[in-house]
Amino acid sequence: MEGARGTMGVARHITGFLVACAVARALRAEASPADPATSDATLPTVDVPVAGASSAAPTPLAPPVAPIDPKDETAQVTRVDAAAYAGELRSTAELVATAPGTAVHRLGDEGQLATVTLRGSSTDQVLVLLDGIPLTSAAGGTVDLSTIPQGLIDHIDVLRGDAAARYGAGALGGVVNVVTKAPGAHQGDADLSYGAWNTLSISASDGAVAGPASGSLALSLFRSDGDFTFARNLTPDLGTAGQQQTRQNNQSLSLGALGAGSLGSGTLGTLHTALQGAFVDRGLAGTEFDLTPHDHAREGRGLWGLSWTLPHAMGPFDLELIGHGRADSLDVQLQGPGSADQLDLEAGLEAALSGSVGFERLSLSVSVADEALDASDGSPSRGTVAASAADRLTFFSERLAIVPAARVEEVGQFFGFSPKLGASFFPPGLPGLGSSPLELRANVGQGFRAPTFGELYLQQGIAQPNPNLSPETNLSADVGASLRWARTLFSVTGFISRYDNLILYEFFPPQEAKPFNAGKSLVEGIEGEVAARPLRSLTLVASYTFINAYDNDPASYTYGRALPFKPAQHAHGRASWQYGRLRASLEADLATGQTLNKAATLSIPGHSELDAAVGFRLWNRPAVWLTGEVRNLLNDQTPDTFGYPLPGLAFFASLHLNEVASKEVKGDSPQ
């Protein structure tokens, strides 16, 4: 139902993500070093240097390393380093789209709703985290990735495949974990961008350390008129040409702030805390077939987080206590159905033990949470209780790791059991190379997702509720290999997932829709990526995904047909070059077409986007960069989901400042 006109499910989630953009990062900012297999400080996929001060002794180039998820070390993970895009205007959704297995649905230009699916899942089956804290609400819908400012992001980890055993119900397709910056002592960053559609983006962060205490502050602002020109065509099937029209009621405004602190107290462990709030105001312009010039949404969010880590609290086991809470308010003004208000409150606690005993590393956790929604058409609430256990057993001098895990979870009246078995293996290294350049990972597991409040109880514009829904479940497996060779990381993964009781919306005249459990579906495919540093001044990254997602229920009238919103192929590539005070990048994103309904009577063609950017360092300390970029050089305005027009050729200019100057890149000879 994302993209349907006037739905509160869309309106509810077009604004909330900005507010939480740095909360839980503070909860991990000063954590002590952990076991490499479980640390969240994994090596980035590509080390992209930023030119600054010169260096007489350049650091030798090292091959990239496949990232390891802190909770699920055998999962297939891609890390997207935001520093590689410093000085360029990039939304979080666009950064996520660079990873294999992803498909991003945009409902307009910068600042408008953008959601993500992984490996052919639905957007509701992707769990979005902010430094480990879930952002998905029980009220329903999906997390809008477009509202988090890039300037506050350190990196994004994209975990693909069923992760319910480690992350809980709702992670059937995978997990997107946005990790925000943790500023050090007197180190600041600032970004200022301006360009097409009167778009202005400002973000700044700074921090300080005084003995065992540290603190940081981050601020962000984004606004855009969104008034781009598009060719409106109401009869594309007849081959008619569209009429040029200006997109109206497409404006957006986002404000956010974060305050965070950390205190290390020796034997008493380490305490981290963070508070964040934000406000977002946005017009809802509608599709090119059904314009809504007066629909409007406003949302506010407050988020808090607290973490207390006690090393060796129980012998070899470390204890971590985490508390978090969230308050979301929504005011939607719809010309047709009228206005609606919602207030969503959530709070949770978790206790986790982890430690090594011999060749095993055990992890245990229990958590409780409660969420309540106060809406004009109902006030549902429900609690969640979960317990999980995982073990990590190593053999052959730790070349082989076997990781069994299981989670039991009760979400309101729904109960689910999510087991998983993962394995990783490093074959013996080749003579003269030391450690093995090859790694194999494999996983098999099952999970479930409980229906949301919106799917069960709430009238959301044209969307009707269905209180008789059952949870979705899946059974999935994947096998992947990564190879490091000559400063290049290659990876390829094959995967398959079978979904039962898949929740899909069916449309009924006049313009009404209702969710149903739709039997069985099957998703299979292959994904690959490459990250290379052939020269000190050149970085290359590319990803490719092929997905075959179809209805696998023999009793269904659409048996064997492709599932909607699943492009069969998606490819992304980027080349970045820098020499001294200059840097440049060229980036391409390609996707095939996709159907919009199960009967395949509606579809949209594929898209192709080409972007280019050139930057010049104006100052060394602090490092100040001026960057100009051209977006959508091919001027491809193929409408996205449900006929939302996308912007064409656009120009932006940005200033990026960092207090700490880094090494200047010189020379293009291999190191």
# chains A, B, ... in the order shown; residues from 1 in each chain; ligands from 1
call {"tool": "residues_around", "arguments": {"residues": "range 273-284 of chain A", "least_positions_apart": "6", "cutoff": "6 Å", "atoms": "only C-alpha atoms", "output": "number ranges by chain"}}
result
A: 15, 19, 23, 27, 249-261, 295-306
call {"tool": "residues_around", "arguments": {"residues": "Arg232 in chain A", "least_positions_apart": "2", "cutoff": "8 Å", "atoms": "only C-alpha atoms", "output": "PyMOL selection string"}}
result
chain A and resi 230+234+242-245+288
call {"tool": "select_by_dssp", "arguments": {"residues": "range 113-226 of chain A", "states": "helix (DSSP H, G or I)", "output": "PyMOL selection string"}}
result
chain A and resi 123-125+145-147+150-152+164-167+196-198
call {"tool": "write_last_selection", "arguments": {"atoms": "all heavy atoms", "output": "CSV table (one decimal), in the first residue's frame"}}
result
chain,number,residue,atom,x,y,z
A,123,THR,N,8.6,-4.1,2.1
A,123,THR,CA,9.3,-3.1,3.0
A,123,THR,C,9.0,-3.4,4.4
A,123,THR,O,9.8,-3.0,5.3
A,123,THR,CB,8.8,-1.7,2.6
A,123,THR,OG1,7.4,-1.6,2.6
A,123,THR,CG2,9.3,-1.3,1.2
A,124,ASP,N,7.8,-4.0,4.8
A,124,ASP,CA,7.5,-4.3,6.1
A,124,ASP,C,8.4,-5.4,6.7
A,124,ASP,O,8.5,-5.6,7.9
A,124,ASP,CB,6.0,-4.7,6.3
A,124,ASP,CG,5.1,-3.5,6.2
A,124,ASP,OD1,5.4,-2.5,6.7
A,124,ASP,OD2,4.0,-3.7,5.6
A,125,GLN,N,9.0,-6.2,5.8
A,125,GLN,CA,9.9,-7.3,6.2
A,125,GLN,C,11.3,-6.9,6.4
A,125,GLN,O,12.2,-7.8,6.6
A,125,GLN,CB,9.8,-8.4,5.2
A,125,GLN,CG,8.4,-9.1,5.2
A,125,GLN,CD,8.2,-9.9,3.9
A,125,GLN,OE1,9.0,-10.0,3.0
A,125,GLN,NE2,7.1,-10.7,3.9
A,145,LEU,N,13.5,6.2,4.7
A,145,LEU,CA,15.0,6.4,4.8
A,145,LEU,C,15.4,7.8,4.3
A,145,LEU,O,16.5,8.2,4.5
A,145,LEU,CB,15.7,5.3,4.0
A,145,LEU,CG,15.5,3.9,4.5
A,145,LEU,CD1,16.2,2.9,3.5
A,145,LEU,CD2,16.1,3.7,5.8
A,146,SER,N,14.5,8.5,3.6
A,146,SER,CA,14.9,9.7,3.0
A,146,SER,C,15.2,10.9,4.0
A,146,SER,O,15.8,11.9,3.6
A,146,SER,CB,13.9,10.2,1.9
A,146,SER,OG,12.7,10.6,2.6
A,147,THR,N,14.7,10.7,5.2
A,147,THR,CA,14.7,11.9,6.1
A,147,THR,C,15.9,11.9,7.0
A,147,THR,O,16.1,12.9,7.8
A,147,THR,CB,13.5,11.8,7.0
A,147,THR,OG1,13.4,10.6,7.6
A,147,THR,CG2,12.2,12.1,6.1
A,150,GLN,N,22.6,12.8,5.5
A,150,GLN,CA,23.8,12.1,5.3
A,150,GLN,C,25.0,12.6,6.1
A,150,GLN,O,25.9,11.8,6.5
A,150,GLN,CB,24.2,12.2,3.8
A,150,GLN,CG,25.6,11.5,3.4
A,150,GLN,CD,26.2,12.2,2.3
A,150,GLN,OE1,25.6,13.0,1.6
A,150,GLN,NE2,27.5,11.9,2.1
A,151,GLY,N,25.0,13.9,6.4
A,151,GLY,CA,26.1,14.4,7.2
A,151,GLY,C,26.3,13.9,8.6
A,151,GLY,O,27.3,14.0,9.2
A,152,LEU,N,25.3,13.2,9.1
A,152,LEU,CA,25.4,12.6,10.5
A,152,LEU,C,25.7,11.1,10.4
A,152,LEU,O,25.8,10.5,11.5
A,152,LEU,CB,24.1,12.8,11.2
A,152,LEU,CG,23.7,14.3,11.4
A,152,LEU,CD1,22.4,14.4,12.3
A,152,LEU,CD2,24.8,15.1,12.0
A,164,ALA,N,15.7,-13.0,11.8
A,164,ALA,CA,14.8,-12.9,12.9
A,164,ALA,C,15.3,-13.6,14.2
A,164,ALA,O,15.0,-13.2,15.3
A,164,ALA,CB,13.5,-13.6,12.5
A,165,ALA,N,16.2,-14.6,14.0
A,165,ALA,CA,16.7,-15.3,15.2
A,165,ALA,C,17.6,-14.4,16.1
A,165,ALA,O,17.7,-14.6,17.3
A,165,ALA,CB,17.6,-16.5,14.8
A,166,ARG,N,18.2,-13.4,15.5
A,166,ARG,CA,19.1,-12.5,16.2
A,166,ARG,C,18.5,-11.1,16.4
A,166,ARG,O,18.8,-10.4,17.4
A,166,ARG,CB,20.5,-12.3,15.5
A,166,ARG,CG,21.2,-13.7,15.3
A,166,ARG,CD,21.4,-14.5,16.5
A,166,ARG,NE,22.0,-13.8,17.6
A,166,ARG,CZ,23.3,-13.7,17.8
A,166,ARG,NH1,24.1,-14.4,17.0
A,166,ARG,NH2,23.9,-13.1,18.8
A,167,TYR,N,17.6,-10.7,15.5
A,167,TYR,CA,17.1,-9.3,15.6
A,167,TYR,C,15.6,-9.2,15.9
A,167,TYR,O,15.1,-8.1,16.1
A,167,TYR,CB,17.4,-8.6,14.3
A,167,TYR,CG,18.9,-8.1,14.2
A,167,TYR,CD1,19.8,-8.9,13.5
A,167,TYR,CD2,19.3,-6.9,14.8
A,167,TYR,CE1,21.1,-8.4,13.4
A,167,TYR,CE2,20.6,-6.5,14.7
A,167,TYR,CZ,21.5,-7.2,14.0
A,167,TYR,OH,22.8,-6.8,13.9
A,196,ALA,N,19.0,22.4,-7.1
A,196,ALA,CA,17.7,22.3,-7.8
A,196,ALA,C,16.5,22.3,-6.8
A,196,ALA,O,16.6,21.8,-5.7
A,196,ALA,CB,17.7,21.1,-8.6
A,197,TRP,N,15.4,22.9,-7.3
A,197,TRP,CA,14.2,23.0,-6.6
A,197,TRP,C,14.3,23.8,-5.2
A,197,TRP,O,13.6,23.5,-4.3
A,197,TRP,CB,13.6,21.6,-6.3
A,197,TRP,CG,13.9,20.7,-7.4
A,197,TRP,CD1,13.5,20.8,-8.7
A,197,TRP,CD2,14.6,19.4,-7.4
A,197,TRP,NE1,13.9,19.8,-9.5
A,197,TRP,CE2,14.6,18.9,-8.7
A,197,TRP,CE3,15.2,18.7,-6.3
A,197,TRP,CZ2,15.2,17.7,-9.0
A,197,TRP,CZ3,15.8,17.5,-6.6
A,197,TRP,CH2,15.9,17.0,-8.0
A,198,ASN,N,15.3,24.7,-5.2
A,198,ASN,CA,15.5,25.5,-4.0
A,198,ASN,C,15.8,24.6,-2.8
A,198,ASN,O,15.3,24.8,-1.7
A,198,ASN,CB,14.3,26.4,-3.7
A,198,ASN,CG,14.7,27.6,-2.8
A,198,ASN,OD1,15.9,28.0,-2.8
A,198,ASN,ND2,13.7,28.1,-2.2
call {"tool": "select_by_dssp", "arguments": {"residues": "range 288-439 of chain A", "states": "strand (DSSP E or B)", "output": "ChimeraX atom specification"}}
result
/A:291,296-314,317-334,338-357,360-375,378,381-395,400-411,414-425,438-439
call {"tool": "write_last_selection", "arguments": {"atoms": "C-alpha atoms", "output": "mmCIF file, in the first residue's frame"}}
result
data_model
loop_
_atom_site.group_PDB
_atom_site.id
_atom_site.type_symbol
_atom_site.label_atom_id
_atom_site.label_comp_id
_atom_site.auth_asym_id
_atom_site.auth_seq_id
_atom_site.Cartn_x
_atom_site.Cartn_y
_atom_site.Cartn_z
ATOM 1 C CA LEU A 291 -2.875 14.788 -7.878
ATOM 2 C CA HIS A 296 -0.352 17.540 4.088
ATOM 3 C CA ALA A 297 1.451 15.771 6.931
ATOM 4 C CA ARG A 298 3.348 16.858 10.043
ATOM 5 C CA GLU A 299 5.189 14.608 12.431
ATOM 6 C CA GLY A 300 7.303 14.977 15.538
ATOM 7 C CA ARG A 301 9.403 12.419 17.313
ATOM 8 C CA GLY A 302 11.340 12.182 20.557
ATOM 9 C CA LEU A 303 13.765 9.342 21.264
ATOM 10 C CA TRP A 304 15.887 8.403 24.272
ATOM 11 C CA GLY A 305 18.432 5.692 24.865
ATOM 12 C CA LEU A 306 20.489 4.495 27.820
ATOM 13 C CA SER A 307 23.137 1.781 27.941
ATOM 14 C CA TRP A 308 25.203 0.465 30.867
ATOM 15 C CA THR A 309 27.992 -1.996 30.130
ATOM 16 C CA LEU A 310 29.592 -3.995 32.959
ATOM 17 C CA PRO A 311 32.690 -5.993 31.892
ATOM 18 C CA HIS A 312 33.089 -9.391 33.600
ATOM 19 C CA ALA A 313 29.951 -8.844 35.649
ATOM 20 C CA MET A 314 29.481 -12.610 35.933
ATOM 21 C CA PHE A 317 30.538 -12.770 30.926
ATOM 22 C CA ASP A 318 29.955 -9.107 30.183
ATOM 23 C CA LEU A 319 26.545 -7.659 31.085
ATOM 24 C CA GLU A 320 24.840 -4.966 29.054
ATOM 25 C CA LEU A 321 21.611 -3.267 30.105
ATOM 26 C CA ILE A 322 19.804 -1.214 27.453
ATOM 27 C CA GLY A 323 16.719 0.944 27.768
ATOM 28 C CA HIS A 324 15.049 2.951 25.023
ATOM 29 C CA GLY A 325 11.821 4.811 24.333
ATOM 30 C CA ARG A 326 10.112 6.650 21.536
ATOM 31 C CA ALA A 327 7.176 9.033 21.088
ATOM 32 C CA ASP A 328 5.791 9.732 17.600
ATOM 33 C CA SER A 329 3.054 12.226 16.843
ATOM 34 C CA LEU A 330 1.320 12.565 13.476
ATOM 35 C CA ASP A 331 -1.092 15.127 12.062
ATOM 36 C CA VAL A 332 -2.390 14.315 8.556
ATOM 37 C CA GLN A 333 -4.674 16.560 6.532
ATOM 38 C CA LEU A 334 -6.303 14.724 3.604
ATOM 39 C CA GLY A 338 -10.317 14.317 6.081
ATOM 40 C CA SER A 339 -7.846 14.723 8.938
ATOM 41 C CA ALA A 340 -6.414 12.201 11.361
ATOM 42 C CA ASP A 341 -4.091 12.342 14.357
ATOM 43 C CA GLN A 342 -1.949 9.621 15.893
ATOM 44 C CA LEU A 343 0.287 9.375 18.938
ATOM 45 C CA ASP A 344 2.500 6.313 19.216
ATOM 46 C CA LEU A 345 4.391 5.569 22.469
ATOM 47 C CA GLU A 346 6.994 2.805 22.864
ATOM 48 C CA ALA A 347 9.470 1.756 25.558
ATOM 49 C CA GLY A 348 11.682 -1.282 26.010
ATOM 50 C CA LEU A 349 14.367 -2.880 28.189
ATOM 51 C CA GLU A 350 16.969 -5.520 27.352
ATOM 52 C CA ALA A 351 19.579 -7.425 29.335
ATOM 53 C CA ALA A 352 22.334 -9.279 27.486
ATOM 54 C CA LEU A 353 25.180 -11.544 28.618
ATOM 55 C CA SER A 354 28.095 -12.467 26.378
ATOM 56 C CA GLY A 355 31.431 -14.119 27.018
ATOM 57 C CA SER A 356 33.936 -16.738 25.911
ATOM 58 C CA VAL A 357 34.330 -20.144 27.531
ATOM 59 C CA GLU A 360 32.782 -21.205 22.616
ATOM 60 C CA ARG A 361 31.318 -17.723 22.793
ATOM 61 C CA LEU A 362 27.871 -17.651 24.361
ATOM 62 C CA SER A 363 25.284 -14.893 24.053
ATOM 63 C CA LEU A 364 22.015 -14.721 26.007
ATOM 64 C CA SER A 365 19.415 -11.960 26.102
ATOM 65 C CA VAL A 366 15.940 -11.205 27.377
ATOM 66 C CA SER A 367 13.875 -8.175 26.451
ATOM 67 C CA VAL A 368 10.486 -6.637 27.096
ATOM 68 C CA ALA A 369 8.754 -3.791 25.300
ATOM 69 C CA ASP A 370 5.359 -2.161 25.165
ATOM 70 C CA GLU A 371 3.769 -0.006 22.503
ATOM 71 C CA ALA A 372 0.473 1.875 22.486
ATOM 72 C CA LEU A 373 -1.229 3.864 19.735
ATOM 73 C CA ASP A 374 -3.801 6.600 20.299
ATOM 74 C CA ALA A 375 -5.570 7.188 16.972
ATOM 75 C CA GLY A 378 -8.779 3.118 17.598
ATOM 76 C CA SER A 381 -1.645 -1.573 22.398
ATOM 77 C CA ARG A 382 0.477 -4.654 22.776
ATOM 78 C CA GLY A 383 3.539 -5.900 24.582
ATOM 79 C CA THR A 384 6.514 -7.906 23.373
ATOM 80 C CA VAL A 385 8.522 -10.448 25.353
ATOM 81 C CA ALA A 386 11.525 -12.182 23.804
ATOM 82 C CA ALA A 387 14.419 -14.418 24.778
ATOM 83 C CA SER A 388 17.328 -15.447 22.575
ATOM 84 C CA ALA A 389 20.425 -17.605 22.787
ATOM 85 C CA ALA A 390 23.381 -18.072 20.464
ATOM 86 C CA ASP A 391 26.602 -20.014 20.580
ATOM 87 C CA ARG A 392 29.763 -19.680 18.535
ATOM 88 C CA LEU A 393 31.901 -22.789 18.256
ATOM 89 C CA THR A 394 35.240 -22.702 16.461
ATOM 90 C CA PHE A 395 37.344 -25.540 15.031
ATOM 91 C CA LEU A 400 35.628 -22.891 10.937
ATOM 92 C CA ALA A 401 32.884 -21.246 13.020
ATOM 93 C CA ILE A 402 29.475 -22.822 13.637
ATOM 94 C CA VAL A 403 26.866 -20.407 15.016
ATOM 95 C CA PRO A 404 23.501 -21.834 16.133
ATOM 96 C CA ALA A 405 20.919 -19.316 17.368
ATOM 97 C CA ALA A 406 17.277 -19.319 18.403
ATOM 98 C CA ARG A 407 14.740 -16.762 19.535
ATOM 99 C CA VAL A 408 11.279 -17.093 21.033
ATOM 100 C CA GLU A 409 9.067 -14.041 20.882
ATOM 101 C CA GLU A 410 5.525 -13.133 21.840
ATOM 102 C CA VAL A 411 4.176 -10.034 20.079
ATOM 103 C CA PHE A 414 1.134 -13.773 18.267
ATOM 104 C CA PHE A 415 3.914 -16.217 19.142
ATOM 105 C CA GLY A 416 6.906 -17.080 17.005
ATOM 106 C CA PHE A 417 9.958 -19.320 17.137
ATOM 107 C CA SER A 418 12.937 -18.322 14.978
ATOM 108 C CA PRO A 419 15.863 -20.781 14.785
ATOM 109 C CA LYS A 420 18.936 -20.290 12.632
ATOM 110 C CA LEU A 421 22.184 -22.106 11.869
ATOM 111 C CA GLY A 422 25.110 -20.258 10.332
ATOM 112 C CA ALA A 423 28.655 -21.185 9.417
ATOM 113 C CA SER A 424 31.791 -19.451 8.155
ATOM 114 C CA PHE A 425 34.971 -21.073 6.888
ATOM 115 C CA LEU A 438 38.828 -16.769 0.682
ATOM 116 C CA GLU A 439 35.859 -16.857 3.083
#
call {"tool": "residues_around", "arguments": {"residues": "Leu89 in chain A", "least_positions_apart": "5", "cutoff": "12 Å", "atoms": "only C-alpha atoms", "output": "VMD selection string"}}
result
chain A and resid 82 84 94 to 95 110 to 111 146 148 to 151 191 to 196 199 to 203 222 611 to 613 627 to 631 650 to 656
